[in-house]
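Asker: So that you have it, the file is work.cif, and it contains mmCIF, C-alpha atoms:
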data_model
#
loop_
_atom_site.group_PDB
_atom_site.id
_atom_site.type_symbol
_atom_site.label_atom_id
_atom_site.label_comp_id
_atom_site.auth_asym_id
_atom_site.auth_seq_id
_atom_site.Cartn_x
_atom_site.Cartn_y
_atom_site.Cartn_z
ATOM 1 C CA MET P 1 19.475 24.696 -47.721
ATOM 2 C CA GLN P 2 17.754 21.449 -46.777
ATOM 3 C CA ARG P 3 19.156 19.865 -43.621
ATOM 4 C CA ARG P 4 19.088 16.160 -42.900
ATOM 5 C CA LEU P 5 18.413 16.041 -39.165
ATOM 6 C CA PRO P 6 17.360 13.308 -36.749
ATOM 7 C CA PRO P 7 14.197 13.819 -34.662
ATOM 8 C CA LEU P 8 14.689 16.477 -31.967
ATOM 9 C CA ASN P 9 13.311 14.190 -29.248
ATOM 10 C CA SER P 10 15.977 11.591 -30.012
ATOM 11 C CA LEU P 11 18.695 14.234 -29.673
ATOM 12 C CA ARG P 12 17.279 15.441 -26.331
ATOM 13 C CA ALA P 13 17.024 11.877 -25.059
ATOM 14 C CA PHE P 14 20.599 11.064 -26.060
ATOM 15 C CA GLU P 15 22.029 14.266 -24.532
ATOM 16 C CA SER P 16 20.260 13.700 -21.226
ATOM 17 C CA ALA P 17 21.189 10.004 -21.082
ATOM 18 C CA ALA P 18 24.813 10.830 -21.976
ATOM 19 C CA ARG P 19 24.986 13.498 -19.281
ATOM 20 C CA HIS P 20 23.604 11.183 -16.594
ATOM 21 C CA LEU P 21 24.929 7.926 -18.082
ATOM 22 C CA SER P 22 21.531 6.563 -17.144
ATOM 23 C CA PHE P 23 18.285 6.002 -19.047
ATOM 24 C CA THR P 24 16.385 6.130 -15.753
ATOM 25 C CA LYS P 25 17.713 9.562 -14.716
ATOM 26 C CA ALA P 26 17.198 10.896 -18.232
ATOM 27 C CA ALA P 27 13.588 9.671 -18.090
ATOM 28 C CA GLU P 28 13.039 11.499 -14.783
ATOM 29 C CA GLU P 29 14.477 14.701 -16.229
ATOM 30 C CA LEU P 30 12.375 14.566 -19.407
ATOM 31 C CA HIS P 31 9.240 13.221 -17.687
ATOM 32 C CA VAL P 32 8.979 10.037 -19.783
ATOM 33 C CA THR P 33 9.655 6.342 -19.139
ATOM 34 C CA PRO P 34 13.099 4.714 -19.345
ATOM 35 C CA ALA P 35 11.734 2.579 -22.194
ATOM 36 C CA ALA P 36 10.880 5.745 -24.128
ATOM 37 C CA ILE P 37 14.415 7.097 -23.618
ATOM 38 C CA SER P 38 15.866 3.767 -24.789
ATOM 39 C CA GLN P 39 13.658 3.835 -27.897
ATOM 40 C CA GLN P 40 14.596 7.416 -28.728
ATOM 41 C CA VAL P 41 18.310 6.637 -28.385
ATOM 42 C CA LYS P 42 17.832 3.583 -30.599
ATOM 43 C CA THR P 43 16.163 5.799 -33.206
ATOM 44 C CA LEU P 44 19.177 8.121 -33.170
ATOM 45 C CA GLU P 45 21.588 5.188 -33.421
ATOM 46 C CA ASN P 46 19.674 3.868 -36.439
ATOM 47 C CA PHE P 47 19.776 7.332 -38.008
ATOM 48 C CA CYS P 48 23.558 7.547 -37.465
ATOM 49 C CA ASP P 49 24.050 3.857 -38.345
ATOM 50 C CA ARG P 50 26.321 3.305 -35.363
ATOM 51 C CA PRO P 51 26.014 2.658 -31.603
ATOM 52 C CA LEU P 52 26.307 5.617 -29.264
ATOM 53 C CA PHE P 53 26.294 3.698 -25.977
ATOM 54 C CA ARG P 54 27.760 0.463 -24.721
ATOM 55 C CA ARG P 55 24.984 -1.055 -22.636
ATOM 56 C CA LEU P 56 26.382 -2.910 -19.639
ATOM 57 C CA THR P 57 24.412 -4.784 -16.992
ATOM 58 C CA ARG P 58 24.162 -1.894 -14.546
ATOM 59 C CA SER P 59 25.591 1.074 -16.420
ATOM 60 C CA LEU P 60 26.007 2.918 -19.706
ATOM 61 C CA ILE P 61 29.267 3.907 -21.378
ATOM 62 C CA LEU P 62 29.525 6.282 -24.325
ATOM 63 C CA THR P 63 31.160 4.944 -27.450
ATOM 64 C CA ASP P 64 33.843 6.994 -29.207
ATOM 65 C CA ALA P 65 31.197 8.305 -31.613
ATOM 66 C CA GLY P 66 28.941 9.307 -28.724
ATOM 67 C CA GLN P 67 31.769 11.079 -26.890
ATOM 68 C CA LYS P 68 32.787 13.039 -29.990
ATOM 69 C CA ALA P 69 29.250 14.122 -30.806
ATOM 70 C CA LEU P 70 28.129 15.100 -27.294
ATOM 71 C CA PRO P 71 29.848 18.540 -26.925
ATOM 72 C CA ALA P 72 28.590 19.789 -30.295
ATOM 73 C CA LEU P 73 25.115 18.423 -29.622
ATOM 74 C CA ARG P 74 24.961 20.100 -26.221
ATOM 75 C CA GLU P 75 26.026 23.412 -27.759
ATOM 76 C CA GLY P 76 23.413 22.992 -30.477
ATOM 77 C CA LEU P 77 20.624 22.339 -27.975
ATOM 78 C CA ASP P 78 21.712 25.382 -25.967
ATOM 79 C CA LYS P 79 21.472 27.518 -29.102
ATOM 80 C CA LEU P 80 18.045 26.092 -29.885
ATOM 81 C CA ALA P 81 16.917 26.993 -26.362
ATOM 82 C CA ASP P 82 18.304 30.526 -26.811
ATOM 83 C CA ALA P 83 16.481 30.861 -30.132
ATOM 84 C CA ALA P 84 13.247 29.687 -28.533
ATOM 85 C CA GLU P 85 13.704 32.324 -25.801
ATOM 86 C CA LEU P 86 14.065 35.003 -28.458
ATOM 87 C CA LEU P 87 10.986 33.773 -30.316
ATOM 88 C CA MET P 88 8.915 33.826 -27.145
ATOM 89 C CA ALA P 89 10.336 37.205 -26.163
ATOM 90 C CA GLN P 90 9.149 38.706 -29.431
ATOM 91 C CA GLU P 91 5.554 37.850 -28.481
ATOM 92 C CA ASP P 92 5.811 40.076 -25.398
ATOM 93 C CA SER P 93 8.455 42.495 -26.643
ATOM 94 C CA HIS P 94 6.912 45.396 -24.711
ATOM 95 C CA ILE P 95 6.649 43.521 -21.389
ATOM 96 C CA LEU P 96 9.779 43.601 -19.211
ATOM 97 C CA THR P 97 9.843 41.198 -16.262
ATOM 98 C CA VAL P 98 12.453 41.942 -13.593
ATOM 99 C CA SER P 99 13.249 39.501 -10.787
ATOM 100 C CA VAL P 100 14.431 41.101 -7.564
ATOM 101 C CA SER P 101 14.558 40.225 -3.877
ATOM 102 C CA PRO P 102 11.605 41.667 -1.915
ATOM 103 C CA SER P 103 13.836 43.788 0.340
ATOM 104 C CA PHE P 104 15.887 45.399 -2.418
ATOM 105 C CA GLY P 105 12.816 45.766 -4.581
ATOM 106 C CA ALA P 106 10.786 47.563 -1.912
ATOM 107 C CA LYS P 107 13.537 49.722 -0.462
ATOM 108 C CA TRP P 108 15.666 50.628 -3.508
ATOM 109 C CA LEU P 109 14.188 49.675 -6.867
ATOM 110 C CA VAL P 110 10.477 50.539 -6.605
ATOM 111 C CA PRO P 111 11.009 54.162 -5.427
ATOM 112 C CA ARG P 112 13.037 54.773 -8.629
ATOM 113 C CA LEU P 113 10.769 53.089 -11.177
ATOM 114 C CA ASP P 114 8.983 56.306 -12.117
ATOM 115 C CA ARG P 115 12.208 57.453 -13.749
ATOM 116 C CA PHE P 116 12.434 54.270 -15.810
ATOM 117 C CA ARG P 117 8.829 54.566 -16.946
ATOM 118 C CA ALA P 118 9.393 58.194 -17.896
ATOM 119 C CA ALA P 119 12.503 57.315 -19.909
ATOM 120 C CA TYR P 120 11.042 54.186 -21.552
ATOM 121 C CA PRO P 121 7.246 54.514 -21.751
ATOM 122 C CA GLU P 122 7.129 51.867 -24.495
ATOM 123 C CA PHE P 123 7.906 49.074 -22.004
ATOM 124 C CA GLU P 124 5.461 47.632 -19.475
ATOM 125 C CA LEU P 125 7.210 46.664 -16.245
ATOM 126 C CA ARG P 126 6.435 43.561 -14.220
ATOM 127 C CA ILE P 127 8.298 43.087 -10.938
ATOM 128 C CA ASP P 128 8.765 39.514 -9.729
ATOM 129 C CA ALA P 129 9.729 39.860 -6.050
ATOM 130 C CA SER P 130 11.321 36.641 -4.805
ATOM 131 C CA ASP P 131 14.442 35.447 -3.008
ATOM 132 C CA ILE P 132 14.373 32.213 -5.018
ATOM 133 C CA LEU P 133 17.002 32.084 -7.759
ATOM 134 C CA VAL P 134 15.369 32.387 -11.158
ATOM 135 C CA ASP P 135 15.530 29.560 -13.675
ATOM 136 C CA PHE P 136 15.696 31.653 -16.839
ATOM 137 C CA SER P 137 15.134 28.543 -18.984
ATOM 138 C CA ASP P 138 11.668 28.011 -17.489
ATOM 139 C CA ASP P 139 10.538 31.334 -16.029
ATOM 140 C CA ARG P 140 9.329 34.258 -18.115
ATOM 141 C CA VAL P 141 11.874 36.577 -16.519
ATOM 142 C CA ASP P 142 14.035 38.863 -18.640
ATOM 143 C CA ILE P 143 16.567 40.210 -16.167
ATOM 144 C CA GLY P 144 17.297 39.876 -12.453
ATOM 145 C CA ILE P 145 19.035 41.689 -9.599
ATOM 146 C CA ARG P 146 20.624 39.494 -6.963
ATOM 147 C CA TYR P 147 22.765 40.062 -3.861
ATOM 148 C CA GLY P 148 25.608 37.592 -3.584
ATOM 149 C CA ARG P 149 29.097 36.713 -4.726
ATOM 150 C CA GLY P 150 28.441 36.906 -8.467
ATOM 151 C CA ILE P 151 28.680 33.181 -9.162
ATOM 152 C CA TYR P 152 25.817 32.623 -11.597
ATOM 153 C CA PRO P 153 26.828 29.988 -14.187
ATOM 154 C CA GLU P 154 25.733 30.495 -17.802
ATOM 155 C CA LEU P 155 24.434 34.019 -17.106
ATOM 156 C CA HIS P 156 25.821 37.409 -18.070
ATOM 157 C CA THR P 157 26.706 39.087 -14.771
ATOM 158 C CA GLU P 158 27.571 42.714 -13.966
ATOM 159 C CA CYS P 159 28.179 44.248 -10.565
ATOM 160 C CA LEU P 160 25.480 46.820 -9.926
ATOM 161 C CA MET P 161 26.881 48.185 -6.679
ATOM 162 C CA THR P 162 29.139 47.080 -3.882
ATOM 163 C CA GLU P 163 27.430 47.363 -0.549
ATOM 164 C CA VAL P 164 28.212 48.869 2.820
ATOM 165 C CA THR P 165 26.631 47.154 5.821
ATOM 166 C CA MET P 166 25.982 49.075 9.039
ATOM 167 C CA PRO P 167 23.956 48.908 12.271
ATOM 168 C CA VAL P 168 20.743 50.937 12.388
ATOM 169 C CA CYS P 169 18.105 51.474 15.049
ATOM 170 C CA SER P 170 15.229 53.682 16.106
ATOM 171 C CA PRO P 171 16.244 57.122 17.469
ATOM 172 C CA ALA P 172 14.518 56.060 20.689
ATOM 173 C CA LEU P 173 17.376 53.666 21.449
ATOM 174 C CA LEU P 174 19.776 56.594 21.731
ATOM 175 C CA GLU P 175 17.960 57.563 24.925
ATOM 176 C CA GLY P 176 16.794 55.721 28.026
ATOM 177 C CA ALA P 177 18.554 53.656 30.675
ATOM 178 C CA HIS P 178 21.084 52.161 28.243
ATOM 179 C CA PRO P 179 21.573 54.624 25.386
ATOM 180 C CA LEU P 180 23.488 53.376 22.361
ATOM 181 C CA ARG P 181 26.727 55.320 22.229
ATOM 182 C CA ARG P 182 29.432 52.711 21.546
ATOM 183 C CA PRO P 183 29.441 49.203 20.031
ATOM 184 C CA GLU P 184 29.905 47.773 23.533
ATOM 185 C CA ASP P 185 26.464 49.141 24.461
ATOM 186 C CA LEU P 186 24.874 46.472 22.252
ATOM 187 C CA ARG P 187 25.069 44.087 25.222
ATOM 188 C CA HIS P 188 22.008 45.898 26.607
ATOM 189 C CA HIS P 189 20.020 45.670 23.343
ATOM 190 C CA THR P 190 18.423 43.089 21.056
ATOM 191 C CA LEU P 191 20.200 42.142 17.822
ATOM 192 C CA LEU P 192 17.922 41.597 14.820
ATOM 193 C CA HIS P 193 19.056 38.898 12.390
ATOM 194 C CA VAL P 194 18.341 37.819 8.806
ATOM 195 C CA ASP P 195 18.301 34.044 8.303
ATOM 196 C CA TRP P 196 20.490 33.731 5.237
ATOM 197 C CA LYS P 197 23.205 35.955 6.702
ATOM 198 C CA ILE P 198 23.500 33.717 9.739
ATOM 199 C CA GLU P 199 23.704 30.618 7.570
ATOM 200 C CA SER P 200 26.410 31.988 5.234
ATOM 201 C CA GLU P 201 29.976 32.168 6.526
ATOM 202 C CA SER P 202 30.935 34.984 4.146
ATOM 203 C CA ALA P 203 27.785 37.127 4.412
ATOM 204 C CA PRO P 204 27.869 40.388 6.407
ATOM 205 C CA SER P 205 26.421 39.090 9.677
ATOM 206 C CA TRP P 206 26.441 40.323 13.260
ATOM 207 C CA ARG P 207 29.282 37.882 14.007
ATOM 208 C CA MET P 208 31.401 39.534 11.312
ATOM 209 C CA TRP P 209 30.460 43.074 12.383
ATOM 210 C CA LEU P 210 31.181 42.503 16.090
ATOM 211 C CA ARG P 211 34.553 41.014 15.187
ATOM 212 C CA ALA P 212 35.373 44.096 13.085
ATOM 213 C CA ALA P 213 34.252 46.362 15.957
ATOM 214 C CA GLY P 214 36.419 44.478 18.468
ATOM 215 C CA VAL P 215 33.418 43.588 20.645
ATOM 216 C CA THR P 216 33.667 40.217 22.401
ATOM 217 C CA GLU P 217 31.070 40.376 25.201
ATOM 218 C CA VAL P 218 27.995 40.358 22.901
ATOM 219 C CA ASP P 219 26.466 37.071 21.702
ATOM 220 C CA PRO P 220 26.384 37.377 17.863
ATOM 221 C CA THR P 221 23.575 34.822 17.458
ATOM 222 C CA LYS P 222 21.086 35.900 20.136
ATOM 223 C CA GLY P 223 17.929 37.692 19.033
ATOM 224 C CA PRO P 224 14.946 37.236 16.712
ATOM 225 C CA ARG P 225 15.500 36.067 13.136
ATOM 226 C CA PHE P 226 13.669 37.198 10.011
ATOM 227 C CA SER P 227 13.387 35.527 6.628
ATOM 228 C CA MET P 228 13.599 38.873 4.791
ATOM 229 C CA GLU P 229 15.781 41.888 5.435
ATOM 230 C CA ASN P 230 13.002 44.444 5.111
ATOM 231 C CA LEU P 231 11.216 42.748 8.032
ATOM 232 C CA ALA P 232 14.300 43.168 10.210
ATOM 233 C CA VAL P 233 14.461 46.828 9.155
ATOM 234 C CA GLN P 234 10.803 47.350 10.063
ATOM 235 C CA ALA P 235 11.439 45.778 13.468
ATOM 236 C CA ALA P 236 14.306 48.235 13.984
ATOM 237 C CA ILE P 237 12.073 51.163 13.013
ATOM 238 C CA ALA P 238 9.542 49.956 15.593
ATOM 239 C CA GLY P 239 12.251 50.037 18.273
ATOM 240 C CA HIS P 240 12.494 46.272 18.773
ATOM 241 C CA GLY P 241 16.272 46.155 18.429
ATOM 242 C CA VAL P 242 19.281 46.941 16.245
ATOM 243 C CA ALA P 243 19.434 45.684 12.654
ATOM 244 C CA LEU P 244 22.524 45.170 10.520
ATOM 245 C CA SER P 245 21.516 46.250 7.040
ATOM 246 C CA GLU P 246 22.868 47.335 3.669
ATOM 247 C CA ARG P 247 23.147 51.091 3.338
ATOM 248 C CA SER P 248 21.082 51.237 0.144
ATOM 249 C CA LEU P 249 18.132 49.539 1.875
ATOM 250 C CA VAL P 250 17.926 51.970 4.806
ATOM 251 C CA ARG P 251 19.036 55.203 3.172
ATOM 252 C CA ASP P 252 15.527 56.667 2.873
ATOM 253 C CA ASP P 253 14.621 55.635 6.435
ATOM 254 C CA VAL P 254 17.788 57.262 7.799
ATOM 255 C CA ASN P 255 17.186 60.455 5.815
ATOM 256 C CA ALA P 256 13.578 60.563 7.065
ATOM 257 C CA GLY P 257 14.677 60.118 10.677
ATOM 258 C CA ARG P 258 12.943 56.756 11.133
ATOM 259 C CA LEU P 259 16.350 55.145 11.664
ATOM 260 C CA VAL P 260 19.760 56.337 12.850
ATOM 261 C CA ARG P 261 23.280 54.986 12.574
ATOM 262 C CA PRO P 262 24.398 54.924 16.215
ATOM 263 C CA PHE P 263 28.081 54.200 15.487
ATOM 264 C CA GLY P 264 30.592 52.546 13.161
ATOM 265 C CA PRO P 265 32.355 50.626 11.830
ATOM 266 C CA GLU P 266 30.866 49.843 8.428
ATOM 267 C CA LEU P 267 31.527 46.611 6.574
ATOM 268 C CA ASN P 268 32.353 47.159 2.919
ATOM 269 C CA GLU P 269 33.150 45.101 -0.180
ATOM 270 C CA SER P 270 35.658 42.986 1.740
ATOM 271 C CA THR P 271 32.715 40.659 2.393
ATOM 272 C CA ALA P 272 32.783 39.841 -1.360
ATOM 273 C CA PHE P 273 29.028 40.456 -1.592
ATOM 274 C CA CYS P 274 27.361 42.995 -3.859
ATOM 275 C CA TYR P 275 24.275 43.445 -6.012
ATOM 276 C CA TYR P 276 24.508 41.980 -9.508
ATOM 277 C CA VAL P 277 22.488 42.423 -12.689
ATOM 278 C CA VAL P 278 22.040 38.998 -14.302
ATOM 279 C CA HIS P 279 20.417 37.787 -17.509
ATOM 280 C CA PRO P 280 20.921 35.079 -20.154
ATOM 281 C CA GLU P 281 23.323 35.957 -22.964
ATOM 282 C CA ALA P 282 20.510 35.249 -25.433
ATOM 283 C CA LYS P 283 18.521 38.199 -24.076
ATOM 284 C CA ALA P 284 21.367 40.704 -24.093
ATOM 285 C CA LYS P 285 20.320 42.146 -27.472
ATOM 286 C CA LEU P 286 16.656 42.616 -26.617
ATOM 287 C CA PRO P 287 15.867 46.370 -26.534
ATOM 288 C CA LYS P 288 13.901 46.079 -23.285
ATOM 289 C CA VAL P 289 16.758 44.246 -21.525
ATOM 290 C CA ARG P 290 19.360 46.699 -22.834
ATOM 291 C CA ALA P 291 17.203 49.617 -21.720
ATOM 292 C CA PHE P 292 16.712 48.338 -18.168
ATOM 293 C CA ARG P 293 20.359 47.289 -17.801
ATOM 294 C CA ASP P 294 21.647 50.713 -18.888
ATOM 295 C CA TRP P 295 19.103 52.533 -16.743
ATOM 296 C CA VAL P 296 19.651 50.538 -13.552
ATOM 297 C CA LEU P 297 23.457 50.782 -13.823
ATOM 298 C CA ALA P 298 23.170 54.559 -14.184
ATOM 299 C CA GLU P 299 20.775 54.735 -11.212
ATOM 300 C CA ALA P 300 23.166 52.668 -9.093
ATOM 301 C CA ALA P 301 26.118 54.905 -9.978
ATOM 302 C CA ARG P 302 24.147 58.018 -9.003
ATOM 303 C CA SER P 303 22.842 56.395 -5.812
ATOM 304 C CA THR P 304 26.302 55.222 -4.760
ATOM 305 C CA SER P 305 27.736 58.705 -5.267
ATOM 306 C CA GLU P 306 24.979 60.262 -3.163
ATOM 307 C CA GLU P 307 25.305 57.628 -0.431
ATOM 308 C CA ASP P 308 29.083 58.082 -0.253
ATOM 309 C CA ARG P 309 28.620 61.821 0.331
ATOM 310 C CA GLU P 310 25.978 61.171 3.001
ATOM 311 C CA ALA P 311 28.161 58.509 4.656
ATOM 312 C CA ALA P 312 31.120 60.862 4.822
ATOM 313 C CA THR P 313 28.953 63.386 6.643
ATOM 314 C CA GLY P 314 27.487 60.749 8.950
ATOM 315 C CA LEU P 315 30.787 59.118 9.812
ATOM 316 C CA ALA P 316 32.191 62.453 10.890
ATOM 317 C CA ALA P 317 29.857 62.177 13.880
ATOM 318 C CA TYR P 318 31.628 58.995 15.007
ATOM 319 C CA SER P 319 35.005 60.638 15.395
#
Hey, can you dump this file as structure tokens for me?

Answerer:
Amino acid sequence: MQRRLPPLNSLRAFESAARHLSFTKAAEELHVTPAAISQQVKTLENFCDRPLFRRLTRSLILTDAGQKALPALREGLDKLADAAELLMAQEDSHILTVSVSPSFGAKWLVPRLDRFRAAYPEFELRIDASDILVDFSDDRVDIGIRYGRGIYPELHTECLMTEVTMPVCSPALLEGAHPLRRPEDLRHHTLLHVDWKIESESAPSWRMWLRAAGVTEVDPTKGPRFSMENLAVQAAIAGHGVALSERSLVRDDVNAGRLVRPFGPELNESTAFCYYVVHPEAKAKLPKVRAFRDWVLAEAARSTSEEDREAATGLAAYS
């Protein structure tokens, strides 16, 4: 079936100008001049044989025709973008790019990747370790794992695992002049912080943990700050202080004796934070994305079950 369509550039120019109600802002977004946006919109108006904007001295207003067409046009452009993603994905159908934060990647994901490669040898893994939120429309990333509150507009989101946050330290801090025995003993020790947890009111921070523990004589903000959680964990292993970390990130270090849990309590899902698997809807049917999603959800379920059993054993020591 032959379709009578206007030029794609004129549709993109109109959609951007209609969204911003500004030729100037549309030009900045599309990296062209305002005159080029105006010309493209004029081309579309000539094609439709009707005005789409009312051009005022200092502003733009959509006409009735423009308002009616905009939602369908936006949906159409979204579908074109999804189709383009699928076309590009077919070129590298065997390459799977996973975006993950450096801390979670190093401490939880990477030690398990041998099992994924054994189960799916046809896919070549690429790990993109970054705390920056991925722009799936621009980046060649297929699927991501992020720690947060699950608010990722226009992405398919599934909870991978709810987290438990707990204090950890070197075994050396259980000895000495001020051994760690109770939460109140933290007044004699250095608290290790992660930047983003301090800056977020709802993240599991030392302020939140001390409040849950009923400790009031310890400053919840004092101590060195780290941009990444795995750096705070390494500082704790080196005996530089006490870190507040997610259980999944320190499990191997605790089991190996590099870290200990000196006491409770533990913060759980009441913080509303957990790890999420995220990806565009357009990529949901790709075999490589389906394979990784199914595998990582199964790994998380197994890991959570094991950690719950270990935690039950460890918490018995607190009572």

Asker: So which residues touch P:Glu299 within 10 Å, counting only C-alpha atoms, skipping near sequence neighbours fewer than 3 positions away, as a list in words?

Answerer: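 Here the answer would be Leu109, Arg112, Arg115, Phe116, Leu160, Arg293, Asp294, Trp295, Val296, Arg302, Ser303, Thr304 and Ser305 of chain P.
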
Asker: Using all atoms listed in the file, find the one residue out of P:Ser245, P:Ser59, P:Asn230, P:Asn46 that sits nearest to P:Thr24.

Answerer: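 Once distances to P:Thr24 are computed over all atoms listed in the file, the minimum belongs to P:Ser59.
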
Asker: Would you list the contacts of P:Ala243 as a list of chain:residue names, taking every protein, DNA or RNA residue within 7 Å and counting only C-alpha atoms, but skipping same-chain residues closer than 2 positions in sequence?

Answerer: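 The contact residues come out as P:Pro167, P:Val168, P:Cys169, P:Leu191, P:Leu192, P:His193, P:Ala232, P:Val233, P:Ala236, P:Gly241, P:Ser245.
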
Asker: Quick one: residues within 9 Å of P:Pro183, only C-alpha atoms counted, chain neighbours fewer than 3 positions away excluded, as a list in words?

Answerer: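 Non-adjacent residues within range: Leu180, Leu186, Arg187, Leu210, Ala213, Gly214, Val215, Pro262, Phe263, Gly264 and Pro265 of chain P.
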
Asker: Just want the 10 Å neighbourhood of P:Arg207, counted on all atoms listed in the file, with same-chain residues fewer than 3 positions away dropped. Output as a list of chain:residue names.

Answerer: P:Lys197, P:Ile198, P:Glu201, P:Ala203, P:Pro204, P:Leu210, P:Arg211, P:Ala212, P:Val215, P:Thr216, P:Val218, P:Asp219, P:Pro220, P:Thr221

Asker: Which residues match the PyMOL selection byres ((chain P and resi 73) around 12) in the file above, as a list in words?

Answerer: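 When the PyMOL selection byres ((chain P and resi 73) around 12) is applied to the shown file, the picked residues are Leu5, Pro6, Leu8, Ser10, Leu11, Arg12, Ala13, Phe14, Glu15, Ser16, Ala18, Arg19, Ala65, Gly66, Gln67, Lys68, Ala69, Leu70, Pro71, Ala72, Arg74, Glu75, Gly76, Leu77, Asp78, Lys79 and Leu80 of chain P.
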
Asker: Between atom CA of P:Ala284 and atom CA of P:Asp142, what distance in Å does the model show, to one decimal?

Answerer: 9.3 Å

Asker: Identify all residues satisfying the PyMOL selection byres ((chain P and resi 21-23) around 8) in the given file; provide them as a compact mmCIF listing (two decimals) with C-alpha atoms, in the frame of the given file.

Answerer:
# COMPACT_ATOMS: atom_id res chain seq x y z
CA ALA P 17 21.19 10.00 -21.08
CA ALA P 18 24.81 10.83 -21.98
CA ARG P 19 24.99 13.50 -19.28
CA HIS P 20 23.60 11.18 -16.59
CA THR P 24 16.39 6.13 -15.75
CA LYS P 25 17.71 9.56 -14.72
CA ALA P 26 17.20 10.90 -18.23
CA ALA P 27 13.59 9.67 -18.09
CA PRO P 34 13.10 4.71 -19.34
CA ILE P 37 14.42 7.10 -23.62
CA SER P 38 15.87 3.77 -24.79
CA SER P 59 25.59 1.07 -16.42
CA LEU P 60 26.01 2.92 -19.71
CA ILE P 61 29.27 3.91 -21.38
CA LEU P 62 29.52 6.28 -24.32

Asker: Can you measure atom CA of P:Val260 to atom CA of P:Ile237 for me? One decimal in Å is fine.

Answerer: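 Computing the Euclidean distance for atom CA of P:Val260 and atom CA of P:Ile237 yields 9.3 Å.
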
Asker: Hey, which of P:Asn9, P:Ser130, P:Ser205, P:Gln234 ends up closest to P:Ser101? Count only C-alpha atoms.

Answerer: P:Ser130

Asker: Apply the PyMOL selection byres ((chain P and resi 151-157) around 9) to the structure shown and report the selected residues as a short mmCIF file (atom, residue, chain, number, x, y, z; two decimals) with C-alpha atoms, in the coordinates of the input.

Answerer:
data_model
loop_
_atom_site.label_atom_id
_atom_site.label_comp_id
_atom_site.auth_asym_id
_atom_site.auth_seq_id
_atom_site.Cartn_x
_atom_site.Cartn_y
_atom_site.Cartn_z
CA GLY P 148 25.61 37.59 -3.58
CA ARG P 149 29.10 36.71 -4.73
CA GLY P 150 28.44 36.91 -8.47
CA GLU P 158 27.57 42.71 -13.97
CA CYS P 159 28.18 44.25 -10.56
CA TYR P 276 24.51 41.98 -9.51
CA VAL P 277 22.49 42.42 -12.69
CA VAL P 278 22.04 39.00 -14.30
CA HIS P 279 20.42 37.79 -17.51
CA PRO P 280 20.92 35.08 -20.15
CA GLU P 281 23.32 35.96 -22.96
CA ALA P 284 21.37 40.70 -24.09
#
